[in-house]
Amino acid sequence: MSPAPAPEVISLGCRLNIAESETIRALVAGRDMVVVNSCAVTNAAVKATRVAIRRAKRDRPEAQIVVTGCAAQIDPTSFAAMPEVDRVIGNADKLTSAAWDAPAPVLVSDIMQVRETAPHLAASFSAHARAFVEVQNGCDHRCTFCAIPFGRGPSRSVPAGAVVERIAGLVDAGHREIVLTGVDLTSYGPDLPGAPTLGHLVERILHHVPKLERLRLSSLDGIEIDDRLFALLTTERRILPHVHLSLQAGDDMILKRMKRRHSRAESVALVDRLKTARPDIAIGADLIAGFPTEDAAMFANTRALIDDCHIVHPHIFPYSPRAGTPAARMPQVDPEIRRARAAILRQAGETARARWLQTLVGTRQDLLVERPGDRGHIGNFAEVLLDEPAIPGDIVRITITGANNDRLRATRELT
């Protein structure tokens, strides 16, 4: 008798979705099911969710197709209407066993009423060299372009003790790098007793999990990096030298219309301080091209930010009008201009990245080996191809021997 097909979880979007997908995988074990954990950050992300659903049905026509995640939370009716979809489960429900056992074809609770979050159930991340741990969910800010608060609900934090226990268990299971994730990670803490900050949480993790070798933080809002967190990012060697900032734009008027809380000068000053205190820190950033009302001069300020902030891990989006957001009602930039400006930003980012990668040639680094064993990422998140395969999950000492526009090449040092 052949074994039952294993469930498949397709994760789109952010690192938080990756973390949650591992919990879902544990909850649906033993079922002939494909779960699409969707993203709604842009219209393109929603389109990619629909493509994934249709492909899943073609590939596994007998499996139950379930859609969850932000796109399903925001617009459950449209996904329930797809002929390929058997069930739709909301973001507040997808991490509970009851939701997966319930018969309702659509189970989407009011995400705005959720006030707590908790560490997930997955014991390990078998498909990933690093493990992702949710410490925060939701967002209380209302950037004019963003629909994610309506998919994730209000900001809420996981108590530090639960986070430490979760990370300790993952380290004991063999994970050597942990990534802290959240929708608005730097807003961690004010809803908890004593109002701890993200810096306090990181201190507790490092103190109580001494066997943790590598800690990485996902996207940070620079305006919320306080002195405690700054000191940890720049002096604590177990925190990897990679800071991804939610910048979005490099023009003050556009930032104001986005309802961001920082100025261009504050972004540049923060990066200068980070690079001065820890020169090996690599900077990543989210940037939006073609936001409503953006003219050529405003766009030029964002283009210049790639150099002014030493951005080598750019994440570029052409602006995508999301229904119900204030920015969707503003005067729009022509879609062709949006796409052209995004291409210019990508090219500028690729040039900056290629120049940076060349500076790493000849250096010695520690590499976390990823599947299938011939590649991985070093601390600054540069991708490396190995000349000989190693064991996934191991950390190996390497010498960087070359670079192309996208990644490095390296030789493993003999011990």
# chains A, B, ... in the order shown; residues from 1 in each chain; ligands from 1
>>> select_by_dssp(residues="region 109-357 of chain A", states="strand (DSSP E or B)", output="number ranges by chain")
A: 131-134, 136-137, 156-157, 177-181, 214-217, 220, 239, 242-248, 282-289, 311-318
>>> closest_atom_pairs(of="region 123-222 of chain A", to="region 283-294 of chain A", cutoff="10 Å", atoms="only C-alpha atoms", output="Markdown table")
| residue | atom | partner | partner_atom | distance |
| --- | --- | --- | --- | --- |
| A:Phe145 | CA | A:Phe291 | CA | 8.4 |
| A:Ser219 | CA | A:Ala285 | CA | 8.1 |
| A:Leu220 | CA | A:Ala285 | CA | 9.2 |
>>> closest_residue(among="A:Met33, A:Val361, A:Met82, A:Ile254", to="Ala382 (chain A)", atoms="only C-alpha atoms")
A:Val361
>>> atom_distance(atom1="CA of Arg322 (chain A)", atom2="CA of Ala40 (chain A)")
9.0 Å
>>> atom_distance(atom1="CA of Ile148 (chain A)", atom2="CA of Val183 (chain A)")
8.4 Å
>>> closest_residue(among="A:Ala102, A:Ile398, A:Val34, A:Ala72", to="Arg60 (chain A)", atoms="only C-alpha atoms")
A:Val34
>>> residues_around(residues="Pro279 (chain A)", least_positions_apart="2", cutoff="12 Å", atoms="only C-alpha atoms", output="list in words")
Leu233, Thr234, Thr235, Pro241, His242, Val271, Asp272, Arg273, Leu274, Lys275, Thr276, Ala277, Ile281, Ala282, Ile283, His310 and Asn380 of chain A
>>> select_by_dssp(residues="region 11-167 of chain A", states="helix (DSSP H, G or I)", output="ChimeraX atom specification")
/A:15-27,43-59,70-74,76-80,97-101,111-113,148-152,160-167
>>> residues_around(residues="Gly138 (chain A)", least_positions_apart="2", cutoff="8 Å", atoms="only C-alpha atoms", output="list in words")
Gln136, Asp140, Pro149, Arg152, Gly153, Pro154, Ser155, Arg156, Gly182, Val183 and Asp184 of chain A
>>> write_last_selection(atoms="C-alpha atoms", output="PDB file, in the first residue's frame")
ATOM      1  CA  GLN A 136       5.918  40.321  16.564  1.00  0.00           C
ATOM      2  CA  ASP A 140      -0.285  50.054  14.163  1.00  0.00           C
ATOM      3  CA  PRO A 149      -2.293  46.109   8.512  1.00  0.00           C
ATOM      4  CA  ARG A 152      -2.202  41.238   9.850  1.00  0.00           C
ATOM      5  CA  GLY A 153      -4.139  43.308  12.382  1.00  0.00           C
ATOM      6  CA  PRO A 154      -2.791  45.449  15.243  1.00  0.00           C
ATOM      7  CA  SER A 155       0.779  45.208  16.504  1.00  0.00           C
ATOM      8  CA  ARG A 156       1.320  42.533  19.129  1.00  0.00           C
ATOM      9  CA  GLY A 182       7.735  40.359  12.385  1.00  0.00           C
ATOM     10  CA  VAL A 183       5.521  42.632  10.341  1.00  0.00           C
ATOM     11  CA  ASP A 184       6.930  45.701  12.123  1.00  0.00           C
TER      12      ASP A 184
END
>>> closest_residue(among="A:Ala403, A:His244, A:Ala147, A:Leu212", to="Ala328 (chain A)", atoms="only C-alpha atoms")
A:Ala147
>>> closest_residue(among="A:Val66, A:Ala343, A:Ala168, A:Ala52", to="Glu213 (chain A)", atoms="only C-alpha atoms")
A:Ala168
>>> residues_around(residues="Thr325 (chain A)", least_positions_apart="4", cutoff="9 Å", atoms="only C-alpha atoms", output="PyMOL selection string")
chain A and resi 143-147+321+329
